[in-house]
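Undergrad: Below is the structure I would like to discuss, written out as structure tokens.
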Amino acid sequence: MTGTYSQAKAMLAITKGSLRATFRSPSAVIFSIAFPLIFILVFGFIGGGGKVSVNIAFASHTDTTNPVYQAIRNIAALHVVNKSEAEIKEDLEKGRLTAVINIEKSGLTNPPYKISLQSSEAVSPQNIQVLQSILNAVISGINQRAYPNIPTIAIINNNVQKIPGRIYRTIDFILPGQLGFSLLSSGVFGVAFLFFNLRQQLVLKRFYATPIRRSYIVLGEAISRVLFQMFTAIIIIGVGHFLFKFTLVHGMQTFLEIMLLSFVALILFMGFGFIVSSVAKNESTIPPFANLITLPQFLLAGTFFSIEAFPAWLQPLCKLLPLTHFNNAMRNIAFEGASLASCWRELGILGIWAVVIYAIAFKTFKWE
């Protein structure tokens, strides 16, 4: 007497075979692991401290009636942020602000004003030095133009008050983009070539000769791709964290939330791969179709640099791309300490994309 056929065992056998084939594929390893790691290594070695960015705010009780205040606000190199005290403190702690400037009367004739700075440990000393140089130039210019008969209109307190903060390194921006690069490449190119070749080599037809259902065939191959890509995500995050101090604010909890976010994004990106494998007439047409999906996202989704660097008219398009929302959510979770639930907006947009893409995939997917 023979036992009943196990769909689950057959699915796991397909998963196991597909996973072995994926690990033996040079292209899968190169696009999913090697390329992202190369970018991480390059940016990790050359970008330890981040870029120079001089964003400032004024203390709530600063004297705004003096010429120094007006001159500082007119300096193009300084970006003045107007926020609440709580928001300014948070920006200082996370290195978004270089310093909070307080200008007050000294109570003396010479100098009539004194300037003090409040910064944080998250701010690069180079940024503070740049700000101090700009302020000294401002004071010198005012002295020469309007106050030639006094030693100086203001003096800067060089003892900068610092509050605790987390250093925002280049790796904290680059690694999420590279993980997104890996997930998108694997989901689109990997799935597209996989199912196209399964049809071309008549593997799917051979599966039909067995009692396994079609849904279990797709599920087995999908599980294989997910397992491989989750393995690569662990490698990418591990290299970034242990070699270049990629920030995981809450340790293991943050890591697990990133892995869950990566899983959600990968499922979406695999939907693009199903569509490409169906519309491609032959293997040589897969790369052009896949590149139409991946290249705009690599370039416009904040993978290598912030979308704020693009022209204002282009930024709304950037914010429509699913990879943009994955990158934003991951950066918020890893560095800002946000929970996965608090990234509901990004997850919602990814969910909308998933519904649309899989609706198209179900309509276009071909078995033969």
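Ordering of the structure tokens sets the chain letters (A, B, ...), residue numbers begin anew at 1 in every chain, and ligands are numbered from 1 in the order given.
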Name the residues in contact with Ile235 in chain A at a cut-off of 12 Å, using only C-alpha atoms, excluding same-chain residues fewer than 5 positions from it; report them as an NGL selection string.
TA: :A and (29 or 32-34 or 36-37 or 40 or 175 or 178-179 or 182 or 228-230 or 240-243 or 255 or 259)
Undergrad: Please save N, CA and C atoms of the selected residues as a PDB file, in the first residue's frame.
TA:
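Output (result-v3.pdb):
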```pdb
ATOM      1  N   VAL A  29      25.738  35.080  -7.455  1.00  0.00           N
ATOM      2  CA  VAL A  29      26.645  35.470  -6.371  1.00  0.00           C
ATOM      3  C   VAL A  29      27.217  36.860  -6.617  1.00  0.00           C
ATOM      4  N   SER A  32      24.256  39.610  -6.324  1.00  0.00           N
ATOM      5  CA  SER A  32      23.609  39.677  -5.013  1.00  0.00           C
ATOM      6  C   SER A  32      24.574  39.971  -3.876  1.00  0.00           C
ATOM      7  N   ILE A  33      25.824  39.476  -3.991  1.00  0.00           N
ATOM      8  CA  ILE A  33      26.770  39.614  -2.876  1.00  0.00           C
ATOM      9  C   ILE A  33      27.980  40.459  -3.256  1.00  0.00           C
ATOM     10  N   ALA A  34      28.643  40.115  -4.373  1.00  0.00           N
ATOM     11  CA  ALA A  34      29.930  40.740  -4.695  1.00  0.00           C
ATOM     12  C   ALA A  34      29.806  42.238  -4.970  1.00  0.00           C
ATOM     13  N   PRO A  36      27.370  44.566  -4.233  1.00  0.00           N
ATOM     14  CA  PRO A  36      27.068  45.387  -3.055  1.00  0.00           C
ATOM     15  C   PRO A  36      28.229  45.474  -2.068  1.00  0.00           C
ATOM     16  N   LEU A  37      28.946  44.371  -1.866  1.00  0.00           N
ATOM     17  CA  LEU A  37      30.069  44.390  -0.929  1.00  0.00           C
ATOM     18  C   LEU A  37      31.204  45.272  -1.433  1.00  0.00           C
ATOM     19  N   ILE A  40      30.220  48.782  -0.670  1.00  0.00           N
ATOM     20  CA  ILE A  40      30.297  49.010   0.774  1.00  0.00           C
ATOM     21  C   ILE A  40      31.745  49.171   1.211  1.00  0.00           C
ATOM     22  N   LEU A 175      24.920  51.650   2.944  1.00  0.00           N
ATOM     23  CA  LEU A 175      24.566  50.235   3.089  1.00  0.00           C
ATOM     24  C   LEU A 175      23.089  49.947   2.789  1.00  0.00           C
ATOM     25  N   GLN A 178      22.729  49.757  -0.887  1.00  0.00           N
ATOM     26  CA  GLN A 178      23.336  48.577  -1.499  1.00  0.00           C
ATOM     27  C   GLN A 178      22.550  47.303  -1.204  1.00  0.00           C
ATOM     28  N   LEU A 179      21.942  47.241  -0.029  1.00  0.00           N
ATOM     29  CA  LEU A 179      21.078  46.096   0.261  1.00  0.00           C
ATOM     30  C   LEU A 179      19.855  46.135  -0.654  1.00  0.00           C
ATOM     31  N   SER A 182      20.885  44.917  -4.023  1.00  0.00           N
ATOM     32  CA  SER A 182      20.991  43.455  -4.052  1.00  0.00           C
ATOM     33  C   SER A 182      19.617  42.802  -4.148  1.00  0.00           C
ATOM     34  N   PHE A 228      18.101  32.368  -0.265  1.00  0.00           N
ATOM     35  CA  PHE A 228      19.398  32.823  -0.754  1.00  0.00           C
ATOM     36  C   PHE A 228      19.588  34.306  -0.486  1.00  0.00           C
ATOM     37  N   GLN A 229      18.543  35.102  -0.767  1.00  0.00           N
ATOM     38  CA  GLN A 229      18.686  36.546  -0.617  1.00  0.00           C
ATOM     39  C   GLN A 229      18.734  36.969   0.852  1.00  0.00           C
ATOM     40  N   MET A 230      18.035  36.267   1.727  1.00  0.00           N
ATOM     41  CA  MET A 230      18.135  36.569   3.159  1.00  0.00           C
ATOM     42  C   MET A 230      19.548  36.255   3.676  1.00  0.00           C
ATOM     43  N   GLY A 240      28.978  45.368   7.022  1.00  0.00           N
ATOM     44  CA  GLY A 240      28.837  46.791   7.309  1.00  0.00           C
ATOM     45  C   GLY A 240      28.919  47.101   8.786  1.00  0.00           C
ATOM     46  N   HIS A 241      28.295  46.272   9.609  1.00  0.00           N
ATOM     47  CA  HIS A 241      28.249  46.538  11.056  1.00  0.00           C
ATOM     48  C   HIS A 241      29.586  46.277  11.737  1.00  0.00           C
ATOM     49  N   PHE A 242      30.193  45.140  11.443  1.00  0.00           N
ATOM     50  CA  PHE A 242      31.398  44.755  12.184  1.00  0.00           C
ATOM     51  C   PHE A 242      32.680  45.380  11.623  1.00  0.00           C
ATOM     52  N   LEU A 243      32.709  45.680  10.327  1.00  0.00           N
ATOM     53  CA  LEU A 243      33.908  46.281   9.752  1.00  0.00           C
ATOM     54  C   LEU A 243      33.854  47.802   9.723  1.00  0.00           C
ATOM     55  N   PHE A 255      18.161  44.550  13.777  1.00  0.00           N
ATOM     56  CA  PHE A 255      18.553  43.608  12.730  1.00  0.00           C
ATOM     57  C   PHE A 255      17.354  42.780  12.260  1.00  0.00           C
ATOM     58  N   MET A 259      15.564  42.624   8.572  1.00  0.00           N
ATOM     59  CA  MET A 259      15.387  41.381   7.824  1.00  0.00           C
ATOM     60  C   MET A 259      13.931  41.209   7.386  1.00  0.00           C
TER      61      MET A 259
END
```
Undergrad: Need to verify the contact set: Leu12 in chain A, 10 Å, only C-alpha atoms, exclusion of same-chain residues closer than 2 positions in sequence. Can you return it as a list of chain:residue names?
TA: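 Result of the neighbour search: A:Gln7, A:Ala8, A:Lys9, A:Ala10, A:Ile14, A:Thr15, A:Lys16, A:Gly17, A:Ser18, A:Tyr216, A:Ile217, A:Leu219, A:Gly220, A:Glu221, A:Ile223, A:Ser224.
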Undergrad: Take the residues from that selection and write them out as a CSV table (one decimal), in the first residue's frame, keeping all heavy atoms.
TA:
```csv
chain,number,residue,atom,x,y,z
A,7,GLN,N,2.7,17.0,-1.1
A,7,GLN,CA,3.0,18.2,-1.8
A,7,GLN,C,4.1,19.0,-1.1
A,7,GLN,O,5.0,19.6,-1.8
A,7,GLN,CB,1.7,19.1,-1.9
A,7,GLN,CG,0.6,18.5,-2.7
A,7,GLN,CD,0.9,18.4,-4.2
A,7,GLN,OE1,1.6,19.2,-4.7
A,7,GLN,NE2,0.2,17.5,-4.9
A,8,ALA,N,4.1,19.0,0.2
A,8,ALA,CA,5.1,19.8,1.0
A,8,ALA,C,6.5,19.2,0.8
A,8,ALA,O,7.4,20.0,0.6
A,8,ALA,CB,4.7,19.8,2.5
A,9,LYS,N,6.6,17.9,0.8
A,9,LYS,CA,7.9,17.3,0.6
A,9,LYS,C,8.4,17.6,-0.8
A,9,LYS,O,9.6,17.8,-1.1
A,9,LYS,CB,7.9,15.8,0.8
A,9,LYS,CG,7.8,15.4,2.3
A,9,LYS,CD,7.8,13.9,2.5
A,9,LYS,CE,7.8,13.5,3.9
A,9,LYS,NZ,7.9,12.0,4.1
A,10,ALA,N,7.5,17.5,-1.8
A,10,ALA,CA,7.9,17.8,-3.2
A,10,ALA,C,8.4,19.2,-3.3
A,10,ALA,O,9.4,19.5,-4.0
A,10,ALA,CB,6.8,17.5,-4.1
A,14,ILE,N,12.1,20.7,-4.4
A,14,ILE,CA,12.4,21.7,-5.5
A,14,ILE,C,13.2,22.9,-4.9
A,14,ILE,O,14.1,23.4,-5.5
A,14,ILE,CB,11.0,22.2,-6.0
A,14,ILE,CG1,10.3,21.1,-6.9
A,14,ILE,CG2,11.2,23.5,-6.9
A,14,ILE,CD1,9.0,21.5,-7.4
A,15,THR,N,12.8,23.3,-3.6
A,15,THR,CA,13.5,24.4,-3.0
A,15,THR,C,15.0,24.0,-2.8
A,15,THR,O,15.9,24.9,-3.1
A,15,THR,CB,12.9,24.7,-1.6
A,15,THR,OG1,11.5,25.0,-1.8
A,15,THR,CG2,13.7,25.8,-0.9
A,16,LYS,N,15.3,22.8,-2.3
A,16,LYS,CA,16.6,22.4,-2.1
A,16,LYS,C,17.4,22.4,-3.4
A,16,LYS,O,18.6,22.9,-3.4
A,16,LYS,CB,16.6,21.0,-1.4
A,16,LYS,CG,18.0,20.5,-1.1
A,16,LYS,CD,17.9,19.1,-0.4
A,16,LYS,CE,19.3,18.6,-0.1
A,16,LYS,NZ,19.2,17.2,0.5
A,17,GLY,N,16.9,21.8,-4.4
A,17,GLY,CA,17.6,21.8,-5.7
A,17,GLY,C,17.8,23.1,-6.3
A,17,GLY,O,18.9,23.4,-6.8
A,18,SER,N,16.8,24.0,-6.2
A,18,SER,CA,17.0,25.4,-6.7
A,18,SER,C,18.0,26.1,-5.9
A,18,SER,O,18.8,26.9,-6.5
A,18,SER,CB,15.6,26.1,-6.7
A,18,SER,OG,15.7,27.4,-7.2
A,216,TYR,N,2.7,24.8,-5.9
A,216,TYR,CA,3.8,24.4,-5.1
A,216,TYR,C,5.2,24.5,-5.8
A,216,TYR,O,6.2,24.6,-5.2
A,216,TYR,CB,3.6,22.9,-4.6
A,216,TYR,CG,2.6,22.8,-3.5
A,216,TYR,CD1,1.3,22.7,-3.7
A,216,TYR,CD2,3.1,22.8,-2.1
A,216,TYR,CE1,0.4,22.6,-2.6
A,216,TYR,CE2,2.2,22.7,-1.1
A,216,TYR,CZ,0.9,22.6,-1.3
A,216,TYR,OH,0.0,22.6,-0.2
A,217,ILE,N,5.1,24.4,-7.2
A,217,ILE,CA,6.3,24.6,-8.0
A,217,ILE,C,6.8,26.0,-7.8
A,217,ILE,O,8.0,26.2,-7.5
A,217,ILE,CB,6.0,24.3,-9.5
A,217,ILE,CG1,5.6,22.8,-9.6
A,217,ILE,CG2,7.3,24.6,-10.3
A,217,ILE,CD1,5.2,22.5,-11.1
A,219,LEU,N,6.0,28.1,-5.5
A,219,LEU,CA,6.3,28.4,-4.1
A,219,LEU,C,7.7,27.8,-3.7
A,219,LEU,O,8.5,28.4,-3.0
A,219,LEU,CB,5.3,27.8,-3.2
A,219,LEU,CG,5.3,28.2,-1.7
A,219,LEU,CD1,5.2,29.7,-1.5
A,219,LEU,CD2,4.2,27.5,-0.9
A,220,GLY,N,8.0,26.6,-4.2
A,220,GLY,CA,9.3,26.0,-3.9
A,220,GLY,C,10.5,26.9,-4.5
A,220,GLY,O,11.5,27.1,-3.8
A,221,GLU,N,10.3,27.3,-5.7
A,221,GLU,CA,11.3,28.2,-6.4
A,221,GLU,C,11.4,29.5,-5.6
A,221,GLU,O,12.5,30.1,-5.4
A,221,GLU,CB,11.0,28.4,-7.8
A,221,GLU,CG,11.1,27.2,-8.7
A,221,GLU,CD,12.5,26.7,-8.9
A,221,GLU,OE1,13.4,27.3,-8.5
A,221,GLU,OE2,12.6,25.6,-9.5
A,223,ILE,N,10.7,30.2,-2.4
A,223,ILE,CA,11.3,30.0,-1.1
A,223,ILE,C,12.9,29.9,-1.3
A,223,ILE,O,13.6,30.4,-0.5
A,223,ILE,CB,10.8,28.7,-0.4
A,223,ILE,CG1,9.3,28.9,0.0
A,223,ILE,CG2,11.6,28.4,0.8
A,223,ILE,CD1,8.7,27.7,0.5
A,224,SER,N,13.3,29.2,-2.3
A,224,SER,CA,14.7,29.1,-2.6
A,224,SER,C,15.3,30.5,-2.8
A,224,SER,O,16.4,30.8,-2.2
A,224,SER,CB,14.9,28.3,-3.9
A,224,SER,OG,16.2,28.4,-4.4
```
Undergrad: Find the residues around Gly187 in chain A up to 12 Å (only C-alpha atoms counted), leave out those fewer than 2 positions away in its own chain, and share them as an NGL selection string.
TA: :A and (28 or 31-32 or 180-185 or 189-195 or 221-226 or 228-230 or 262-277 or 290 or 293-294)
Undergrad: Got a sec: who's within 8 Å of range 106-111 of chain A, counting only C-alpha atoms, leaving out chain neighbours fewer than 2 positions off, as number ranges by chain?
TA: A: 104, 113-114, 150-155
Undergrad: List the spatial neighbours of Leu320 in chain A as a PyMOL selection string - criterion: any atom at most 10 Å away, only C-alpha atoms, same-chain residues fewer than 4 positions off excluded.
TA: chain A and resi 297+301+315-316+324-325+349-350+353
Undergrad: What would the file look like if the residues just selected were written as a JSON list (two decimals), in the first residue's frame with C-alpha atoms?
TA:
```
[["chain", "number", "residue", "atom", "x", "y", "z"],
["A", 297, "GLN", "CA", 15.49, 52.80, -9.32],
["A", 301, "ALA", "CA", 15.80, 55.96, -5.43],
["A", 315, "GLN", "CA", 11.86, 64.46, -6.77],
["A", 316, "PRO", "CA", 8.12, 63.52, -6.93],
["A", 324, "THR", "CA", 12.99, 54.73, -2.48],
["A", 325, "HIS", "CA", 10.60, 53.68, 0.27],
["A", 349, "ILE", "CA", 3.34, 52.16, -0.50],
["A", 350, "LEU", "CA", 5.31, 48.92, -0.90],
["A", 353, "TRP", "CA", 3.06, 48.32, -5.42]]
```
Undergrad: Taking into account only C-alpha atoms, which residue in the set A:Ala122, A:Ala341, A:Leu135, A:Leu97 is nearest to Leu260 in chain A?
TA: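 Among A:Ala122, A:Ala341, A:Leu135, A:Leu97, it is A:Ala341 that comes nearest to Leu260 in chain A.
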Undergrad: When DSSP is applied to the backbone of this structure, which of range 155-333 of chain A are assigned strand (DSSP E)? Write them out as a PyMOL selection string.
TA: chain A and resi 155-156+161-163
Undergrad: I'd like to know which of A:Asn158, A:Thr98, A:Asn66, A:Ser215 is closest to His79 in chain A, using only C-alpha atoms.
TA: A:Thr98
Undergrad: Report, in Å with one decimal, the straight-line distance from CA of Glu87 in chain A to CA of Ile163 in chain A.
TA: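 Separation between CA of Glu87 in chain A and CA of Ile163 in chain A: 14.3 Å.
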Undergrad: Report, in Å with one decimal, the straight-line distance from CA of Phe362 in chain A to CA of Leu198 in chain A.
TA: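 That distance, rounded to one decimal, is 17.5 Å.
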Undergrad: I'd like the contact shell of Ser133 in chain A - 12 Å cut-off, only C-alpha atoms, skipping same-chain residues fewer than 5 positions apart - returned as an MDAnalysis selection string.
TA: chainID A and resid 54 77:78 126:128 138:140 156 158
Undergrad: Could you give me the residues within range 84-157 of chain A that DSSP places in alpha helix (DSSP H), as a PDB file with N, CA and C atoms, in the first residue's frame?
TA:
```pdb
ATOM      1  N   GLU A  85      12.232  73.543  19.781  1.00  0.00           N
ATOM      2  CA  GLU A  85      13.414  73.198  20.573  1.00  0.00           C
ATOM      3  C   GLU A  85      13.616  71.691  20.633  1.00  0.00           C
ATOM      4  N   ALA A  86      12.524  70.932  20.765  1.00  0.00           N
ATOM      5  CA  ALA A  86      12.635  69.471  20.836  1.00  0.00           C
ATOM      6  C   ALA A  86      13.171  68.900  19.532  1.00  0.00           C
ATOM      7  N   GLU A  87      12.691  69.419  18.407  1.00  0.00           N
ATOM      8  CA  GLU A  87      13.157  68.943  17.105  1.00  0.00           C
ATOM      9  C   GLU A  87      14.613  69.331  16.866  1.00  0.00           C
ATOM     10  N   ILE A  88      14.994  70.527  17.299  1.00  0.00           N
ATOM     11  CA  ILE A  88      16.391  70.960  17.145  1.00  0.00           C
ATOM     12  C   ILE A  88      17.311  70.073  17.973  1.00  0.00           C
ATOM     13  N   LYS A  89      16.898  69.734  19.186  1.00  0.00           N
ATOM     14  CA  LYS A  89      17.713  68.862  20.044  1.00  0.00           C
ATOM     15  C   LYS A  89      17.874  67.481  19.400  1.00  0.00           C
ATOM     16  N   GLU A  90      16.781  66.971  18.824  1.00  0.00           N
ATOM     17  CA  GLU A  90      16.849  65.659  18.158  1.00  0.00           C
ATOM     18  C   GLU A  90      17.783  65.710  16.955  1.00  0.00           C
ATOM     19  N   ASP A  91      17.708  66.798  16.171  1.00  0.00           N
ATOM     20  CA  ASP A  91      18.585  66.943  15.005  1.00  0.00           C
ATOM     21  C   ASP A  91      20.047  67.056  15.418  1.00  0.00           C
ATOM     22  N   LEU A  92      20.306  67.734  16.545  1.00  0.00           N
ATOM     23  CA  LEU A  92      21.674  67.822  17.052  1.00  0.00           C
ATOM     24  C   LEU A  92      22.207  66.449  17.432  1.00  0.00           C
ATOM     25  N   GLU A  93      21.393  65.688  18.142  1.00  0.00           N
ATOM     26  CA  GLU A  93      21.814  64.357  18.607  1.00  0.00           C
ATOM     27  C   GLU A  93      22.126  63.422  17.447  1.00  0.00           C
ATOM     28  N   PRO A 125      34.113  67.180  13.864  1.00  0.00           N
ATOM     29  CA  PRO A 125      34.874  68.382  14.236  1.00  0.00           C
ATOM     30  C   PRO A 125      35.168  69.282  13.034  1.00  0.00           C
ATOM     31  N   GLN A 126      35.320  68.676  11.855  1.00  0.00           N
ATOM     32  CA  GLN A 126      35.564  69.452  10.640  1.00  0.00           C
ATOM     33  C   GLN A 126      34.402  70.410  10.369  1.00  0.00           C
ATOM     34  N   ASN A 127      33.160  69.946  10.569  1.00  0.00           N
ATOM     35  CA  ASN A 127      31.999  70.807  10.351  1.00  0.00           C
ATOM     36  C   ASN A 127      31.987  71.990  11.314  1.00  0.00           C
ATOM     37  N   ILE A 128      32.347  71.721  12.569  1.00  0.00           N
ATOM     38  CA  ILE A 128      32.374  72.796  13.569  1.00  0.00           C
ATOM     39  C   ILE A 128      33.451  73.812  13.231  1.00  0.00           C
ATOM     40  N   GLN A 129      34.611  73.339  12.782  1.00  0.00           N
ATOM     41  CA  GLN A 129      35.690  74.249  12.398  1.00  0.00           C
ATOM     42  C   GLN A 129      35.281  75.126  11.219  1.00  0.00           C
ATOM     43  N   VAL A 130      34.572  74.534  10.252  1.00  0.00           N
ATOM     44  CA  VAL A 130      34.082  75.306   9.108  1.00  0.00           C
ATOM     45  C   VAL A 130      33.130  76.394   9.582  1.00  0.00           C
ATOM     46  N   LEU A 131      32.207  76.029  10.481  1.00  0.00           N
ATOM     47  CA  LEU A 131      31.249  77.015  10.998  1.00  0.00           C
ATOM     48  C   LEU A 131      31.965  78.140  11.746  1.00  0.00           C
ATOM     49  N   GLN A 132      32.946  77.794  12.587  1.00  0.00           N
ATOM     50  CA  GLN A 132      33.684  78.817  13.323  1.00  0.00           C
ATOM     51  C   GLN A 132      34.430  79.757  12.377  1.00  0.00           C
ATOM     52  N   SER A 133      34.994  79.200  11.316  1.00  0.00           N
ATOM     53  CA  SER A 133      35.692  80.041  10.321  1.00  0.00           C
ATOM     54  C   SER A 133      34.728  81.007   9.648  1.00  0.00           C
ATOM     55  N   ILE A 134      33.517  80.520   9.310  1.00  0.00           N
ATOM     56  CA  ILE A 134      32.517  81.383   8.678  1.00  0.00           C
ATOM     57  C   ILE A 134      32.098  82.499   9.629  1.00  0.00           C
ATOM     58  N   LEU A 135      31.876  82.166  10.898  1.00  0.00           N
ATOM     59  CA  LEU A 135      31.458  83.173  11.875  1.00  0.00           C
ATOM     60  C   LEU A 135      32.548  84.220  12.084  1.00  0.00           C
ATOM     61  N   ASN A 136      33.804  83.777  12.140  1.00  0.00           N
ATOM     62  CA  ASN A 136      34.915  84.734  12.284  1.00  0.00           C
ATOM     63  C   ASN A 136      34.983  85.677  11.079  1.00  0.00           C
ATOM     64  N   ALA A 137      34.729  85.140   9.880  1.00  0.00           N
ATOM     65  CA  ALA A 137      34.741  85.969   8.674  1.00  0.00           C
ATOM     66  C   ALA A 137      33.595  86.981   8.696  1.00  0.00           C
ATOM     67  N   VAL A 138      32.439  86.548   9.198  1.00  0.00           N
ATOM     68  CA  VAL A 138      31.284  87.450   9.309  1.00  0.00           C
ATOM     69  C   VAL A 138      31.605  88.605  10.253  1.00  0.00           C
ATOM     70  N   ILE A 139      32.156  88.269  11.424  1.00  0.00           N
ATOM     71  CA  ILE A 139      32.492  89.299  12.420  1.00  0.00           C
ATOM     72  C   ILE A 139      33.540  90.267  11.866  1.00  0.00           C
ATOM     73  N   SER A 140      34.546  89.720  11.193  1.00  0.00           N
ATOM     74  CA  SER A 140      35.600  90.555  10.624  1.00  0.00           C
ATOM     75  C   SER A 140      35.040  91.511   9.579  1.00  0.00           C
ATOM     76  N   GLY A 141      34.114  91.006   8.749  1.00  0.00           N
ATOM     77  CA  GLY A 141      33.513  91.851   7.716  1.00  0.00           C
ATOM     78  C   GLY A 141      32.705  92.989   8.311  1.00  0.00           C
ATOM     79  N   ILE A 142      31.940  92.693   9.381  1.00  0.00           N
ATOM     80  CA  ILE A 142      31.148  93.737  10.040  1.00  0.00           C
ATOM     81  C   ILE A 142      32.065  94.775  10.677  1.00  0.00           C
ATOM     82  N   ASN A 143      33.129  94.313  11.308  1.00  0.00           N
ATOM     83  CA  ASN A 143      34.083  95.240  11.934  1.00  0.00           C
ATOM     84  C   ASN A 143      34.664  96.223  10.922  1.00  0.00           C
ATOM     85  N   GLN A 144      35.057  95.701   9.760  1.00  0.00           N
ATOM     86  CA  GLN A 144      35.695  96.557   8.754  1.00  0.00           C
ATOM     87  C   GLN A 144      34.710  97.558   8.149  1.00  0.00           C
ATOM     88  N   ARG A 145      33.451  97.136   7.976  1.00  0.00           N
ATOM     89  CA  ARG A 145      32.478  98.004   7.312  1.00  0.00           C
ATOM     90  C   ARG A 145      31.879  99.053   8.256  1.00  0.00           C
ATOM     91  N   ALA A 146      31.444  98.607   9.436  1.00  0.00           N
ATOM     92  CA  ALA A 146      30.620  99.492  10.265  1.00  0.00           C
ATOM     93  C   ALA A 146      31.220  99.853  11.622  1.00  0.00           C
TER      94      ALA A 146
END
```
